[in-house]
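Take a look at the structure below.
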Amino acid sequence: MFLIQEIDYGTPESKSEKLVTLTIDGAPVTVPEGTSVMRAAMEMGTQIPKLCATDMVESFGSCRLCLIEIEGRNGTPASCTTPVADGMVVKTQTDRLKRLRKGVMELYISEHPLDCLTCSANGDCELQDMAGAVGLRDVRYGYDGARHPNPGIDASNPYFTYEPSKCIVCSRCVRACEEVQGTFALTIAGRGFGSVVSPSMEQPFIDSECVSCGACVQACPTATLNEKSVIDIGTPEHSVVTTCAYCGVGCTFKAEMRGDELVRMIPYKDGKANRGHSCIKGRFAYGYAHHSDRITKPMIREKITDPWREVSWEEAIQHTASEFKRIQAKYGKDSVGGITSSRCTNEETFLVQKLIRAGFGNNNVDTCARVCHSPTGYGLKTTYGTSAGTQDFDSVEQSDVILIIGANPTDGHPVFASRMKKRLRDGAKLIIADPRRIDLVRTPHIEADYHLPLKPGTNVALVTALAHVIVTEGLADEQFVRERCDWDEFQDWAAFVADPRHSPEATEKATGVPAELVRGAARLYATGGNGAIYYGLGVTEHSQGSTTVMAIANLAMLTGNIGREGVGVNPLRGQNNVQGSCDMGSFPHEMPGYRHVSETATMEMFEQFWGRPLDSEPGLRIPNMIDAALDGSFKGIYIQGEDILQSDPNTQHMAAGLAAMECVVVQDLFLVETANYAHVFLPGSTFLEKNGTFTNAERRIQRVRKVMAPINGYEDWEITQLLSNALGYPMHYDNPSQIMDEIARLTPTFAGVSYEKLDELGSVQWPCNEAAPEGTPVMHIGGFVRGKGKFVITEYVATDEKTGPRFPLLLTTGRILTQYNVGAQTRRTANVVWHEEDRLEIHPHDAENRGVRDGDWVKLQSRTGETSLRALITERVAPGVVYTTFHHPSTQVNVVTTEFSDWATNCPEYKVTAVQVMPSNGPSEWQEEYEELSKAARRIAEPLVAAE
Ligand code: SF4
Ligand code: SF4
Ligand code: SF4
Ligand code: FES
């Protein structure tokens, strides 16, 4: 193993198709027009000395180290800012250039403290490298850097330091923050020798606008901006390429190691989802992997009121298997089931559903996608024929109009948001439909053309009103519809949306969005060029979640915005492998590849391969399992990597269901909230400790590679295999690549996928098969997967969850950048400095009416429950709407969410709960009791010491 060194070409790649040939140091080289001479030289292996250039940002031309001579031109231009030209003859190494470069380096070094031997960047410093490259042997102006500003080290950010005395003012950090991240948090303050990098208004990093993405740290050629982990541990010596385990963007990283210690995570430039960028979570928030809360030994207990007892793996597995066998013998084969995890790999998820279908003999398997994107699967399959988004992330670079509905990309999908922001700065138009003023409504150098601040729960009315404008004003792409969609269905649908009751004026009362805004947004989307729709859980987590997905799909077909780059319908999927867990057959009615359990040919194929009869009746969904537990017919559950008690709605109901079971098995990293009700705890492994694949929101299958041994002893797939064998259904995989081979054999859309191919290509987007051996970046080109695109009539039905005198406000929930879902991982990292608690966002008018001041404790009450948290007064939410996150178990926001759910998929209606807010004195009584109960439920008995 070795440290993977990526080549820095100095300037970004040119996308031009026109080629240009020039001569560099006597050798010809052909590159795309627009390429810099520096990059052209690097393409042929000649590294021109440089300091201010790096290929992640546009060239700047400030350091003057990269000078060249060009035949027929005067002077010595900078190669980073000089574009190639046909027939150009370049010299990169002459006596004059050598002398000039030495002079430049002398000036830099005289301004730099020379403590190289004790510097944290020693051996990983471009300034050091360049001193060597230009042959610097002496500095005429002294070495002490005395004139350089030295205001001391800023160590306020938990993950990196800023040491201005080492800064060479190359501006790479400033440009990375602007161009790569799009946050504009840094400037160069002062002039001449007094120039210094300044976060926001010369504030410490922690107080500035910085979002800790780390792009500036990565760009910095010196130790000025440096990871604290490198300062503590030293420079890494080997690296492994793997995939982030947080969100559905699926960033590729080099895990850089020293021995078996992780030194840092560096976003991989060849990563096709992230192109060398990352957010704070993926780059820095990996400390949970070694947090002291991690459970590393299996544990069992008779009753959930008993303390846990640590046991051997052998005992834990045998006990679990005998419990499931006992329960099935007593209550029938359908009395047990399981839940797969969108945090685990495709291979692990596939094995859990296989264990349930072939080992348990039923289809009682479900996944956390139930509570997030199940409507996406239903809606897109119905309209287009495939349960997945239509584009790759690169596609956004070709978009002219971006319509974001119910998503907050800068917090939820930050790396994709940075790419989107770049496109918006370059001229694309922006429409946002969201009850909150999310960051993208107005952020540096970006302002949404339309913000449609709809009332929670009215998505269908709004999207149908957009369609009304397009149809009635004759803005539809009729040719596309005639060629690609079912024309009869379209006509019925068009007559439906054209009805005056769907006009923006008629729906304004329900949606709260002024009609002229809706009309303007519809015209822009229909006529502005390539229109791309991105949506999130603000669409799906509603009683009409599936209807909204279909309304969105209708809109894209109506305008011909489907089937090419720059357009499409793109669900921004939440968890790292939520797409994969759905693909792998985690739903009770679908086998891997979304084939219904009633399809005879499919079931026969699986039966033959798995050697067991399979049930052709759909099994229980998560809510049905909980209801069945309360009815007494469902008694045992195997939950891999999912904290249903905290993440699912109506917490009391969930707790009662879990408490009614006889064997709850939780396989996880920590004693999560659900484990309070568990009888068996099987310690899981982190993404750093396993091999496998994740599938991101673009259907991109990417390798997860083990960088260290699992501290619990097993990768998660191995634990499932042990359990299956103990249950009497043998599995004999030696490594996850064999599981992927089985997936490929049994699933047509994965038929061409193998670890060899993933290692060779880096990643592939499914479908990947004979027809598309290298995958499918953009779907539905030339025709829909289902044949003709299907327009579905989307009647708006107001949710039963209504505001009234008792509960006059609407609560909607979401997440923030630094935290992740139930927070089990991010709460166990330094990210807590940015978010110690969930806060309730409330508009100043609503706060004033209730006598609530910023930071006050308030009681949040709905008809299902109440909780207390502190208020955050902000105009981000409209009057009548309150908002909170759900990252902290002490808040348990889901005690107030209701049992209402999407009509088609049961996805809970998290985004609409009628609530009242009133001042309170602190946490509710139950919250304090819950803390105590949790402590009791987590007791681990002292190991028995054998008598002497
Ligand atoms: S960490 Fe990211 S957001 Fe913060 S200053 Fe650096 S580039 Fe900008
Ligand atoms: S902090 Fe680093 S990247 Fe930024 S100007 Fe200084 S040396 Fe350059
Ligand atoms: S959390 Fe998402 S955006 Fe952030 S690094 Fe991981 S995959 Fe990328
Ligand atoms: S690298 Fe070209 S001027 Fe700095």
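Residue names in the structure tokens use chain letters A, B, ... in the order shown, residue numbers from 1 in each chain, and ligand numbers from 1 in the order shown.
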
List as a tab-separated table every residue of chain A that is in contact with ligand 3, defined as an atom at most 9 Å from one of its atoms (using only C-alpha atoms and all ligand atoms), together with the nearest atom pair and the distance in Å rounded to one decimal, sorted by chain and then rising number.
residue	atom	partner	partner_atom_place_in_ligand_line	distance
A:Cys213	CA	ligand 3	4 (Fe)	8.4
A:Thr243	CA	ligand 3	7 (S)	7.5
A:Cys244	CA	ligand 3	6 (Fe)	4.6
A:Ala245	CA	ligand 3	6 (Fe)	6.2
A:Tyr246	CA	ligand 3	1 (S)	4.4
A:Cys247	CA	ligand 3	2 (Fe)	3.9
A:Gly248	CA	ligand 3	7 (S)	5.9
A:Val249	CA	ligand 3	7 (S)	4.5
A:Gly250	CA	ligand 3	7 (S)	3.9
A:Cys251	CA	ligand 3	8 (Fe)	4.1
A:Thr252	CA	ligand 3	7 (S)	7.6
A:Phe253	CA	ligand 3	5 (S)	8.3
A:Pro267	CA	ligand 3	5 (S)	7.8
A:Ala273	CA	ligand 3	8 (Fe)	8.3
A:Asn274	CA	ligand 3	8 (Fe)	6.8
A:His277	CA	ligand 3	8 (Fe)	7.6
A:Ser278	CA	ligand 3	5 (S)	4.2
A:Cys279	CA	ligand 3	4 (Fe)	4.0
A:Ile280	CA	ligand 3	4 (Fe)	6.2
A:Lys281	CA	ligand 3	1 (S)	5.0
A:Gly282	CA	ligand 3	5 (S)	3.5
A:Arg283	CA	ligand 3	5 (S)	5.9
A:Phe284	CA	ligand 3	5 (S)	8.7
A:Asp411	CA	ligand 3	3 (S)	8.9
A:Gly412	CA	ligand 3	2 (Fe)	7.6
A:His413	CA	ligand 3	3 (S)	5.1
A:Pro414	CA	ligand 3	3 (S)	4.8
A:Val415	CA	ligand 3	3 (S)	4.4
A:Phe416	CA	ligand 3	3 (S)	6.8
A:Ala417	CA	ligand 3	3 (S)	8.5
A:Gly574	CA	ligand 3	2 (Fe)	8.8
A:Gln575	CA	ligand 3	2 (Fe)	8.4
A:Asn576	CA	ligand 3	7 (S)	6.7
A:Asn696	CA	ligand 3	7 (S)	8.4
A:Leu817	CA	ligand 3	1 (S)	8.5
A:Thr818	CA	ligand 3	1 (S)	9.0
A:Tyr820	CA	ligand 3	1 (S)	8.1

Filtered DSSP result for segment 201-320 of chain A, state alpha helix (DSSP H), as a list of chain:residue names: A:Ala215, A:Cys216, A:Val217, A:Gln218, A:Ala219, A:Lys228, A:Ser229, A:Val230, A:Ile231, A:Asp232, A:Ile233, A:Ile280, A:Lys281, A:Gly282, A:Arg283, A:Phe284, A:Trp313, A:Glu314, A:Glu315, A:Ala316, A:Ile317, A:Gln318, A:His319, A:Thr320

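The residue that comes closest to ligand 4, out of A:Thr11, A:Ser754, A:Gln391, A:Thr885 and on the basis of only C-alpha atoms and all ligand atoms, is A:Thr11.
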
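Between Ala289 of chain A and the residues A:Glu848, A:Val882, A:Ile711, A:Cys80, the shortest atom-to-atom distance, using only C-alpha atoms, involves A:Ile711.
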
Surrounding residues as a VMD selection string, ligand 2, max 9 Å, only C-alpha atoms and all ligand atoms: chain A and resid 51 to 52 162 to 176 186 188 196 to 197 216 to 226

From A:Leu262, A:Ala461, A:Cys344, A:Ile405, residue lying nearest Tyr535 of chain A [only C-alpha atoms]: A:Ile405

Residue contacts of segment 359-374 of chain A (8 Å, only C-alpha atoms) excluding same-chain residues fewer than 5 positions away, as number ranges by chain: A: 333-334, 336-342, 353-354, 537, 540-541, 573-574, 578, 581-582, 586-589, 613-615, 617-622, 625, 642, 644, 648, 724, 727-729, 905-908

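For Thr602 of chain A, the set of protein, DNA and RNA residues having any atom at most 10 Å away, when counting only C-alpha atoms and skipping those fewer than 4 positions along the same chain, is Met591, Pro592, Arg595, His596, Val597, Ser598, Phe606, Glu607, Leu746 and Thr747 of chain A.
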
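The gap separating atom CA of Gly103 of chain A from atom CA of Pro49 of chain A is 13.0 Å, in Å to one decimal.
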
Mind running chain A against ligand 4 at 12 Å and telling me each contacting residue's nearest atom pair with the distance in Å (one decimal), counting only C-alpha atoms and all ligand atoms, chain and number ascending, as a Markdown table?
| residue | atom | partner | partner_atom_place_in_ligand_line | distance |
| --- | --- | --- | --- | --- |
| A:Asp8 | CA | ligand 4 | 1 (S) | 11.5 |
| A:Tyr9 | CA | ligand 4 | 1 (S) | 10.7 |
| A:Gly10 | CA | ligand 4 | 1 (S) | 7.2 |
| A:Thr11 | CA | ligand 4 | 1 (S) | 9.0 |
| A:Ser36 | CA | ligand 4 | 2 (Fe) | 10.0 |
| A:Val37 | CA | ligand 4 | 2 (Fe) | 10.1 |
| A:Met38 | CA | ligand 4 | 2 (Fe) | 7.9 |
| A:Arg39 | CA | ligand 4 | 2 (Fe) | 10.7 |
| A:Gln47 | CA | ligand 4 | 1 (S) | 10.9 |
| A:Ile48 | CA | ligand 4 | 1 (S) | 8.4 |
| A:Pro49 | CA | ligand 4 | 1 (S) | 7.0 |
| A:Lys50 | CA | ligand 4 | 1 (S) | 3.8 |
| A:Leu51 | CA | ligand 4 | 1 (S) | 4.8 |
| A:Cys52 | CA | ligand 4 | 4 (Fe) | 3.9 |
| A:Ala53 | CA | ligand 4 | 1 (S) | 4.2 |
| A:Thr54 | CA | ligand 4 | 1 (S) | 7.7 |
| A:Asp55 | CA | ligand 4 | 1 (S) | 10.4 |
| A:Val57 | CA | ligand 4 | 1 (S) | 11.5 |
| A:Glu58 | CA | ligand 4 | 2 (Fe) | 10.6 |
| A:Ser59 | CA | ligand 4 | 2 (Fe) | 7.0 |
| A:Phe60 | CA | ligand 4 | 3 (S) | 6.5 |
| A:Gly61 | CA | ligand 4 | 3 (S) | 3.4 |
| A:Ser62 | CA | ligand 4 | 3 (S) | 4.6 |
| A:Cys63 | CA | ligand 4 | 4 (Fe) | 3.8 |
| A:Arg64 | CA | ligand 4 | 3 (S) | 4.1 |
| A:Leu65 | CA | ligand 4 | 4 (Fe) | 5.5 |
| A:Cys66 | CA | ligand 4 | 2 (Fe) | 4.5 |
| A:Leu67 | CA | ligand 4 | 2 (Fe) | 7.0 |
| A:Ile68 | CA | ligand 4 | 2 (Fe) | 9.8 |
| A:Thr76 | CA | ligand 4 | 3 (S) | 11.0 |
| A:Pro77 | CA | ligand 4 | 3 (S) | 8.7 |
| A:Ala78 | CA | ligand 4 | 2 (Fe) | 5.1 |
| A:Ser79 | CA | ligand 4 | 2 (Fe) | 5.8 |
| A:Cys80 | CA | ligand 4 | 2 (Fe) | 4.4 |
| A:Thr81 | CA | ligand 4 | 2 (Fe) | 6.6 |
| A:Thr82 | CA | ligand 4 | 2 (Fe) | 9.0 |
| A:Pro83 | CA | ligand 4 | 2 (Fe) | 11.9 |
| A:Arg101 | CA | ligand 4 | 3 (S) | 10.8 |
| A:Val104 | CA | ligand 4 | 4 (Fe) | 10.4 |
| A:Met105 | CA | ligand 4 | 4 (Fe) | 11.4 |
| A:Glu126 | CA | ligand 4 | 1 (S) | 11.3 |
| A:Leu127 | CA | ligand 4 | 1 (S) | 11.7 |
| A:Met130 | CA | ligand 4 | 1 (S) | 10.8 |
| A:Ile168 | CA | ligand 4 | 4 (Fe) | 11.1 |
| A:Val169 | CA | ligand 4 | 4 (Fe) | 10.8 |
| A:Cys170 | CA | ligand 4 | 4 (Fe) | 7.5 |
| A:Ser171 | CA | ligand 4 | 4 (Fe) | 9.9 |
| A:Arg172 | CA | ligand 4 | 4 (Fe) | 9.8 |
| A:Pro221 | CA | ligand 4 | 1 (S) | 11.3 |

Now that the selection is made, can you save its residues with N, CA and C atoms as a short mmCIF file (atom, residue, chain, number, x, y, z; two decimals), in the first residue's frame?
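Written output follows (part.cif):
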data_model
loop_
_atom_site.label_atom_id
_atom_site.label_comp_id
_atom_site.auth_asym_id
_atom_site.auth_seq_id
_atom_site.Cartn_x
_atom_site.Cartn_y
_atom_site.Cartn_z
N ASP A 8 -1.55 17.13 -9.76
CA ASP A 8 -2.12 18.47 -9.81
C ASP A 8 -1.70 19.11 -11.14
N TYR A 9 -2.67 19.29 -12.02
CA TYR A 9 -2.36 19.82 -13.35
C TYR A 9 -2.23 21.35 -13.36
N GLY A 10 -2.47 21.96 -12.22
CA GLY A 10 -2.24 23.40 -12.10
C GLY A 10 -3.43 24.25 -12.46
N THR A 11 -4.15 23.88 -13.51
CA THR A 11 -5.36 24.64 -13.88
C THR A 11 -6.45 23.63 -14.28
N SER A 36 -4.38 25.69 -20.32
CA SER A 36 -3.22 26.55 -20.04
C SER A 36 -1.94 25.84 -20.48
N VAL A 37 -0.91 26.63 -20.72
CA VAL A 37 0.38 26.03 -21.07
C VAL A 37 0.85 25.15 -19.91
N MET A 38 0.59 25.62 -18.65
CA MET A 38 1.00 24.82 -17.49
C MET A 38 0.37 23.43 -17.54
N ARG A 39 -0.91 23.38 -17.83
CA ARG A 39 -1.59 22.08 -17.86
C ARG A 39 -1.11 21.22 -19.03
N GLN A 47 6.59 19.26 -15.15
CA GLN A 47 5.98 20.01 -14.05
C GLN A 47 6.65 21.37 -13.96
N ILE A 48 5.96 22.40 -14.39
CA ILE A 48 6.51 23.75 -14.28
C ILE A 48 6.33 24.21 -12.83
N PRO A 49 7.38 24.75 -12.19
CA PRO A 49 7.22 25.19 -10.80
C PRO A 49 6.01 26.12 -10.64
N LYS A 50 5.31 25.98 -9.55
CA LYS A 50 4.10 26.80 -9.33
C LYS A 50 3.83 26.90 -7.84
N LEU A 51 3.15 27.95 -7.44
CA LEU A 51 2.69 28.05 -6.05
C LEU A 51 1.23 28.48 -5.97
N CYS A 52 0.83 29.47 -6.79
CA CYS A 52 -0.53 29.97 -6.62
C CYS A 52 -1.54 29.18 -7.46
N ALA A 53 -1.07 28.27 -8.29
CA ALA A 53 -1.99 27.53 -9.15
C ALA A 53 -2.27 26.14 -8.60
N THR A 54 -3.50 25.69 -8.77
CA THR A 54 -3.89 24.31 -8.47
C THR A 54 -5.10 24.01 -9.34
N ASP A 55 -5.23 22.77 -9.75
CA ASP A 55 -6.25 22.50 -10.77
C ASP A 55 -7.69 22.51 -10.27
N VAL A 57 -9.00 25.21 -8.91
CA VAL A 57 -9.52 26.58 -9.08
C VAL A 57 -8.92 27.23 -10.32
N GLU A 58 -9.59 28.28 -10.78
CA GLU A 58 -9.08 29.00 -11.96
C GLU A 58 -7.74 29.64 -11.64
N SER A 59 -6.93 29.83 -12.68
CA SER A 59 -5.60 30.40 -12.43
C SER A 59 -5.72 31.87 -12.04
N PHE A 60 -4.66 32.36 -11.41
CA PHE A 60 -4.72 33.66 -10.76
C PHE A 60 -3.51 34.51 -11.16
N GLY A 61 -2.37 33.80 -11.34
CA GLY A 61 -1.18 34.48 -11.85
C GLY A 61 -0.51 35.41 -10.87
N SER A 62 -0.44 35.05 -9.61
CA SER A 62 0.13 35.99 -8.64
C SER A 62 1.56 35.67 -8.21
N CYS A 63 1.96 34.41 -8.24
CA CYS A 63 3.26 34.08 -7.62
C CYS A 63 4.44 34.29 -8.57
N ARG A 64 4.21 34.25 -9.86
CA ARG A 64 5.24 34.47 -10.89
C ARG A 64 6.34 33.42 -10.86
N LEU A 65 6.01 32.24 -10.38
CA LEU A 65 7.01 31.18 -10.35
C LEU A 65 6.95 30.32 -11.62
N CYS A 66 5.82 30.36 -12.29
CA CYS A 66 5.59 29.42 -13.39
C CYS A 66 5.94 30.02 -14.74
N LEU A 67 6.88 30.95 -14.72
CA LEU A 67 7.22 31.68 -15.94
C LEU A 67 7.72 30.76 -17.04
N ILE A 68 7.45 31.17 -18.28
CA ILE A 68 7.92 30.42 -19.45
C ILE A 68 8.40 31.42 -20.52
N THR A 76 8.35 37.02 -20.15
CA THR A 76 8.24 35.67 -19.58
C THR A 76 6.86 35.53 -18.94
N PRO A 77 5.86 35.19 -19.74
CA PRO A 77 4.50 35.10 -19.19
C PRO A 77 4.34 33.93 -18.21
N ALA A 78 3.32 34.06 -17.39
CA ALA A 78 2.99 32.97 -16.45
C ALA A 78 2.31 31.85 -17.23
N SER A 79 2.77 30.65 -17.05
CA SER A 79 2.20 29.53 -17.82
C SER A 79 0.79 29.17 -17.35
N CYS A 80 0.46 29.54 -16.12
CA CYS A 80 -0.87 29.17 -15.61
C CYS A 80 -1.96 30.04 -16.21
N THR A 81 -1.61 31.25 -16.62
CA THR A 81 -2.64 32.15 -17.18
C THR A 81 -2.52 32.28 -18.70
N THR A 82 -1.57 31.57 -19.29
CA THR A 82 -1.40 31.67 -20.74
C THR A 82 -2.06 30.47 -21.43
N PRO A 83 -3.08 30.72 -22.24
CA PRO A 83 -3.70 29.59 -22.94
C PRO A 83 -2.84 29.11 -24.11
N ARG A 101 13.09 32.51 -11.37
CA ARG A 101 12.39 31.67 -10.39
C ARG A 101 13.12 31.65 -9.05
N VAL A 104 12.33 34.79 -7.27
CA VAL A 104 10.98 34.77 -6.68
C VAL A 104 10.99 33.94 -5.38
N MET A 105 11.62 32.78 -5.45
CA MET A 105 11.63 31.91 -4.26
C MET A 105 12.40 32.54 -3.11
N GLU A 126 4.27 22.41 -0.43
CA GLU A 126 4.65 22.79 -1.79
C GLU A 126 5.72 23.88 -1.80
N LEU A 127 5.77 24.68 -0.74
CA LEU A 127 6.81 25.72 -0.67
C LEU A 127 8.18 25.04 -0.58
N MET A 130 9.02 23.49 -3.91
CA MET A 130 9.40 24.45 -4.95
C MET A 130 10.79 25.02 -4.69
N ILE A 168 1.68 32.43 2.41
CA ILE A 168 2.40 33.05 1.29
C ILE A 168 1.45 33.90 0.42
N VAL A 169 0.24 34.09 0.91
CA VAL A 169 -0.76 34.94 0.26
C VAL A 169 -0.96 34.57 -1.21
N CYS A 170 -1.09 33.27 -1.43
CA CYS A 170 -1.29 32.79 -2.80
C CYS A 170 -2.77 32.84 -3.21
N SER A 171 -3.65 33.03 -2.23
CA SER A 171 -5.10 33.13 -2.48
C SER A 171 -5.74 31.82 -2.92
N ARG A 172 -5.03 30.72 -2.85
CA ARG A 172 -5.67 29.46 -3.23
C ARG A 172 -6.86 29.17 -2.32
N PRO A 221 -1.01 25.41 0.02
CA PRO A 221 0.24 24.70 -0.30
C PRO A 221 1.21 24.63 0.87
#

Near-segment 788-796 of chain A list (6 Å; only C-alpha atoms; drop same-chain fewer than 4 positions) as number ranges by chain: A: 383-384, 460-461, 484-486, 489-490, 493, 547, 554, 784

Selected residues written out, N, CA and C atoms, as a PDB file, in the first residue's frame:
ATOM      1  N   THR A 383     -44.747   6.643 -13.450  1.00  0.00           N
ATOM      2  CA  THR A 383     -44.778   7.576 -14.576  1.00  0.00           C
ATOM      3  C   THR A 383     -43.735   7.257 -15.642  1.00  0.00           C
ATOM      4  N   TYR A 384     -42.507   6.866 -15.179  1.00  0.00           N
ATOM      5  CA  TYR A 384     -41.407   6.659 -16.132  1.00  0.00           C
ATOM      6  C   TYR A 384     -40.980   5.193 -16.258  1.00  0.00           C
ATOM      7  N   VAL A 460     -49.024  19.470  -3.938  1.00  0.00           N
ATOM      8  CA  VAL A 460     -49.764  19.008  -5.124  1.00  0.00           C
ATOM      9  C   VAL A 460     -50.513  20.181  -5.753  1.00  0.00           C
ATOM     10  N   ALA A 461     -51.118  21.004  -4.912  1.00  0.00           N
ATOM     11  CA  ALA A 461     -51.854  22.157  -5.438  1.00  0.00           C
ATOM     12  C   ALA A 461     -50.901  23.087  -6.183  1.00  0.00           C
ATOM     13  N   ARG A 484     -43.333  10.892 -27.108  1.00  0.00           N
ATOM     14  CA  ARG A 484     -42.763  10.106 -26.019  1.00  0.00           C
ATOM     15  C   ARG A 484     -43.772   9.636 -24.973  1.00  0.00           C
ATOM     16  N   CYS A 485     -44.984  10.211 -24.986  1.00  0.00           N
ATOM     17  CA  CYS A 485     -45.916   9.911 -23.890  1.00  0.00           C
ATOM     18  C   CYS A 485     -47.213   9.347 -24.461  1.00  0.00           C
ATOM     19  N   ASP A 486     -48.009   8.767 -23.561  1.00  0.00           N
ATOM     20  CA  ASP A 486     -49.316   8.265 -23.962  1.00  0.00           C
ATOM     21  C   ASP A 486     -50.225   9.471 -24.211  1.00  0.00           C
ATOM     22  N   GLU A 489     -53.778   9.595 -22.450  1.00  0.00           N
ATOM     23  CA  GLU A 489     -53.660   9.934 -21.017  1.00  0.00           C
ATOM     24  C   GLU A 489     -53.296  11.400 -20.852  1.00  0.00           C
ATOM     25  N   PHE A 490     -52.432  11.877 -21.757  1.00  0.00           N
ATOM     26  CA  PHE A 490     -52.043  13.287 -21.669  1.00  0.00           C
ATOM     27  C   PHE A 490     -53.259  14.196 -21.837  1.00  0.00           C
ATOM     28  N   TRP A 493     -55.305  14.306 -18.821  1.00  0.00           N
ATOM     29  CA  TRP A 493     -54.588  15.037 -17.765  1.00  0.00           C
ATOM     30  C   TRP A 493     -54.604  16.545 -18.052  1.00  0.00           C
ATOM     31  N   THR A 547     -48.173  11.423  -4.802  1.00  0.00           N
ATOM     32  CA  THR A 547     -48.894  12.259  -5.770  1.00  0.00           C
ATOM     33  C   THR A 547     -48.006  13.407  -6.228  1.00  0.00           C
ATOM     34  N   ASN A 554     -44.973  14.668 -14.208  1.00  0.00           N
ATOM     35  CA  ASN A 554     -45.840  15.229 -15.260  1.00  0.00           C
ATOM     36  C   ASN A 554     -45.255  16.528 -15.819  1.00  0.00           C
ATOM     37  N   PHE A 784     -39.043   6.160 -22.692  1.00  0.00           N
ATOM     38  CA  PHE A 784     -39.114   5.861 -21.261  1.00  0.00           C
ATOM     39  C   PHE A 784     -38.934   4.367 -21.029  1.00  0.00           C
TER      40      PHE A 784
END
